[in-house]
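K.L.:
Pasting query.pdb here (PDB, C-alpha atoms):
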ATOM      1  CA  PRO A   1     111.725 115.506  50.780  1.00  0.00           C
ATOM      2  CA  ALA A   2     112.316 119.219  50.740  1.00  0.00           C
ATOM      3  CA  PRO A   3     109.651 121.377  49.114  1.00  0.00           C
ATOM      4  CA  ALA A   4     110.264 122.121  45.481  1.00  0.00           C
ATOM      5  CA  PRO A   5     111.812 125.508  44.780  1.00  0.00           C
ATOM      6  CA  PRO A   6     109.509 127.895  42.956  1.00  0.00           C
ATOM      7  CA  ALA A   7     109.771 127.853  39.189  1.00  0.00           C
ATOM      8  CA  PRO A   8     111.863 130.730  37.825  1.00  0.00           C
ATOM      9  CA  GLY A   9     109.830 133.604  36.483  1.00  0.00           C
ATOM     10  CA  PRO A  10     110.096 135.300  33.101  1.00  0.00           C
ATOM     11  CA  ALA A  11     112.720 137.729  34.417  1.00  0.00           C
ATOM     12  CA  VAL A  12     115.020 134.863  35.405  1.00  0.00           C
ATOM     13  CA  ALA A  13     114.503 133.182  32.036  1.00  0.00           C
ATOM     14  CA  ALA A  14     115.371 136.435  30.266  1.00  0.00           C
ATOM     15  CA  GLN A  15     118.516 136.773  32.384  1.00  0.00           C
ATOM     16  CA  GLU A  16     119.562 133.223  31.498  1.00  0.00           C
ATOM     17  CA  ARG A  17     118.999 133.875  27.779  1.00  0.00           C
ATOM     18  CA  GLN A  18     121.034 137.080  28.026  1.00  0.00           C
ATOM     19  CA  LYS A  19     123.795 135.252  29.890  1.00  0.00           C
ATOM     20  CA  ALA A  20     123.976 132.604  27.140  1.00  0.00           C
ATOM     21  CA  ALA A  21     123.992 135.312  24.464  1.00  0.00           C
ATOM     22  CA  ASN A  22     126.814 137.136  26.276  1.00  0.00           C
ATOM     23  CA  LEU A  23     128.884 133.953  26.451  1.00  0.00           C
ATOM     24  CA  LEU A  24     128.392 133.336  22.741  1.00  0.00           C
ATOM     25  CA  PHE A  25     129.237 136.974  21.943  1.00  0.00           C
ATOM     26  CA  ALA A  26     132.411 136.734  24.044  1.00  0.00           C
ATOM     27  CA  ALA A  27     133.360 133.624  22.084  1.00  0.00           C
ATOM     28  CA  GLY A  28     132.903 135.524  18.826  1.00  0.00           C
ATOM     29  CA  VAL A  29     129.707 133.747  17.806  1.00  0.00           C
ATOM     30  CA  SER A  30     126.886 135.847  16.381  1.00  0.00           C
ATOM     31  CA  VAL A  31     123.409 134.559  17.240  1.00  0.00           C
ATOM     32  CA  PRO A  32     120.257 136.409  16.107  1.00  0.00           C
ATOM     33  CA  GLU A  33     117.901 137.477  18.890  1.00  0.00           C
ATOM     34  CA  GLY A  34     115.262 134.887  19.723  1.00  0.00           C
ATOM     35  CA  LEU A  35     117.233 132.000  18.244  1.00  0.00           C
ATOM     36  CA  LEU A  36     118.482 130.648  21.561  1.00  0.00           C
ATOM     37  CA  PRO A  37     116.059 128.223  23.188  1.00  0.00           C
ATOM     38  CA  ALA A  38     114.265 129.439  26.276  1.00  0.00           C
ATOM     39  CA  PRO A  39     115.342 127.693  29.468  1.00  0.00           C
ATOM     40  CA  ARG A  40     113.032 124.892  30.487  1.00  0.00           C
ATOM     41  CA  VAL A  41     110.530 125.844  33.176  1.00  0.00           C
ATOM     42  CA  LEU A  42     109.121 122.759  34.878  1.00  0.00           C
ATOM     43  CA  THR A  43     105.611 122.499  36.223  1.00  0.00           C
ATOM     44  CA  PRO A  44     105.223 121.573  39.908  1.00  0.00           C
ATOM     45  CA  ALA A  45     104.243 118.027  38.860  1.00  0.00           C
ATOM     46  CA  GLN A  46     107.366 117.763  36.706  1.00  0.00           C
ATOM     47  CA  VAL A  47     109.525 119.042  39.574  1.00  0.00           C
ATOM     48  CA  LEU A  48     108.015 116.402  41.868  1.00  0.00           C
ATOM     49  CA  ARG A  49     108.531 113.649  39.285  1.00  0.00           C
ATOM     50  CA  ARG A  50     112.127 114.789  38.767  1.00  0.00           C
ATOM     51  CA  GLU A  51     112.757 114.544  42.517  1.00  0.00           C
ATOM     52  CA  GLU A  52     111.189 111.072  42.576  1.00  0.00           C
ATOM     53  CA  LEU A  53     113.387 109.965  39.678  1.00  0.00           C
ATOM     54  CA  LEU A  54     116.517 111.370  41.322  1.00  0.00           C
ATOM     55  CA  ALA A  55     115.669 109.504  44.555  1.00  0.00           C
ATOM     56  CA  GLU A  56     115.078 106.301  42.589  1.00  0.00           C
ATOM     57  CA  LEU A  57     118.353 106.783  40.726  1.00  0.00           C
ATOM     58  CA  GLU A  58     120.275 107.190  43.992  1.00  0.00           C
ATOM     59  CA  LYS A  59     118.592 104.078  45.427  1.00  0.00           C
ATOM     60  CA  LYS A  60     119.559 102.046  42.350  1.00  0.00           C
ATOM     61  CA  ARG A  61     123.118 103.362  42.443  1.00  0.00           C
ATOM     62  CA  LYS A  62     123.453 102.285  46.081  1.00  0.00           C
ATOM     63  CA  ALA A  63     122.117  98.825  45.202  1.00  0.00           C
ATOM     64  CA  GLU A  64     124.556  98.595  42.285  1.00  0.00           C
ATOM     65  CA  ARG A  65     127.497  99.551  44.540  1.00  0.00           C
ATOM     66  CA  LEU A  66     126.417  96.930  47.079  1.00  0.00           C
ATOM     67  CA  LEU A  67     126.165  94.222  44.414  1.00  0.00           C
ATOM     68  CA  ARG A  68     129.522  95.233  42.932  1.00  0.00           C
ATOM     69  CA  GLY A  69     131.086  94.882  46.400  1.00  0.00           C
ATOM     70  CA  GLN A  70     129.488  91.475  46.899  1.00  0.00           C
ATOM     71  CA  LYS A  71     130.705  90.351  43.478  1.00  0.00           C
ATOM     72  CA  LYS A  72     134.235  91.496  44.312  1.00  0.00           C
ATOM     73  CA  THR A  73     134.164  89.661  47.653  1.00  0.00           C
ATOM     74  CA  THR A  74     132.796  86.512  46.032  1.00  0.00           C
ATOM     75  CA  GLY A  75     135.492  86.678  43.354  1.00  0.00           C
ATOM     76  CA  LYS A  76     138.185  86.881  46.030  1.00  0.00           C
ATOM     77  CA  GLN A  77     136.664  83.901  47.830  1.00  0.00           C
ATOM     78  CA  VAL A  78     136.554  81.878  44.601  1.00  0.00           C
ATOM     79  CA  ARG A  79     140.197  82.709  43.833  1.00  0.00           C
ATOM     80  CA  ALA A  80     141.228  81.737  47.366  1.00  0.00           C
ATOM     81  CA  ALA A  81     139.294  78.456  47.089  1.00  0.00           C
ATOM     82  CA  ASN A  82     140.908  77.724  43.707  1.00  0.00           C
ATOM     83  CA  GLU A  83     144.374  78.378  45.143  1.00  0.00           C
ATOM     84  CA  GLN A  84     143.634  76.115  48.100  1.00  0.00           C
ATOM     85  CA  HIS A  85     142.359  73.436  45.721  1.00  0.00           C
ATOM     86  CA  GLU A  86     145.577  73.667  43.683  1.00  0.00           C
ATOM     87  CA  GLU A  87     147.697  73.339  46.836  1.00  0.00           C
ATOM     88  CA  ILE A  88     145.729  70.313  48.045  1.00  0.00           C
ATOM     89  CA  SER A  89     145.832  68.702  44.584  1.00  0.00           C
ATOM     90  CA  SER A  90     149.577  69.262  44.364  1.00  0.00           C
ATOM     91  CA  ALA A  91     150.117  67.785  47.836  1.00  0.00           C
ATOM     92  CA  HIS A  92     147.921  64.802  46.920  1.00  0.00           C
ATOM     93  CA  GLU A  93     149.816  64.182  43.679  1.00  0.00           C
ATOM     94  CA  GLY A  94     153.120  64.345  45.572  1.00  0.00           C
ATOM     95  CA  LEU A  95     151.834  61.879  48.161  1.00  0.00           C
ATOM     96  CA  VAL A  96     150.562  59.487  45.467  1.00  0.00           C
ATOM     97  CA  ARG A  97     153.920  59.693  43.661  1.00  0.00           C
ATOM     98  CA  SER A  98     155.783  59.023  46.927  1.00  0.00           C
ATOM     99  CA  LEU A  99     153.457  56.119  47.707  1.00  0.00           C
ATOM    100  CA  LYS A 100     154.067  54.567  44.269  1.00  0.00           C
ATOM    101  CA  GLU A 101     157.830  54.951  44.680  1.00  0.00           C
ATOM    102  CA  THR A 102     157.675  53.265  48.091  1.00  0.00           C
ATOM    103  CA  ILE A 103     155.563  50.399  46.734  1.00  0.00           C
ATOM    104  CA  SER A 104     157.884  50.020  43.754  1.00  0.00           C
ATOM    105  CA  GLU A 105     160.961  49.909  46.003  1.00  0.00           C
ATOM    106  CA  LEU A 106     159.248  47.427  48.337  1.00  0.00           C
ATOM    107  CA  LYS A 107     158.463  45.166  45.355  1.00  0.00           C
ATOM    108  CA  THR A 108     162.084  45.211  44.224  1.00  0.00           C
ATOM    109  CA  LEU A 109     163.216  44.176  47.706  1.00  0.00           C
ATOM    110  CA  SER A 110     160.599  41.418  47.910  1.00  0.00           C
ATOM    111  CA  LEU A 111     161.555  39.862  44.563  1.00  0.00           C
ATOM    112  CA  THR A 112     165.150  39.186  45.528  1.00  0.00           C
TER     113      THR A 112
END
Would you write out, as structure tokens, the structure that this file holds?
P.N.:
Amino acid sequence: PAPAPPAPGPAVAAQERQKAANLLFAAGVSVPEGLLPAPRVLTPAQVLRREELLAELEKKRKAERLLRGQKKTTGKQVRAANEQHEEISSAHEGLVRSLKETISELKTLSLT
């Protein structure tokens, strides 16, 4: 992984607070000085842990996408198998019905 960027210094934090205050002022909101929270400055260990968590999150998202694709494919296969089963069952029922009709007609000819 890429080296962690250096943590922003106090000047950057002050700029971010001022930027937030300016946005609120532009929106017509009055906020007393010092009331806005200071931006979060992470320690190097926290930056590293954050990168690890982001990598883990991406890995899990890829796995989830793969499983979703497999589930979709399996669902299509199940639907296709069900349709084929219905077609075969319908053909079988038609054949059985035709067979019974033929046997019935043969019996009527044999009885006379």
K.L.:
Please report the interatomic distance between CA of Ala55 (chain A) and CA of Arg40 (chain A) in Å with one decimal.
P.N.:
21.0 Å
K.L.:
Have a look at CA of Asn82 (chain A) and CA of Lys100 (chain A) and let me know their distance in Å, one decimal.
P.N.:
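CA of Asn82 (chain A) sits 26.6 Å away from CA of Lys100 (chain A).
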K.L.:
Kindly give the distance, in Å, that separates CA of Val41 (chain A) and CA of Val12 (chain A), rounded to a single decimal.
P.N.:
10.3 Å
K.L.:
Counting all atoms listed in the file, which residues of region 13-64 of chain A fall within 10 Å of region 68-74 of chain A, and what is the closest atom pair for each with its distance in Å at one decimal, ordered by chain and rising number, as a Markdown table?
P.N.:
| residue | atom | partner | partner_atom | distance |
| --- | --- | --- | --- | --- |
| A:Lys62 | CA | A:Arg68 | CA | 9.8 |
| A:Ala63 | CA | A:Arg68 | CA | 8.5 |
| A:Glu64 | CA | A:Arg68 | CA | 6.0 |
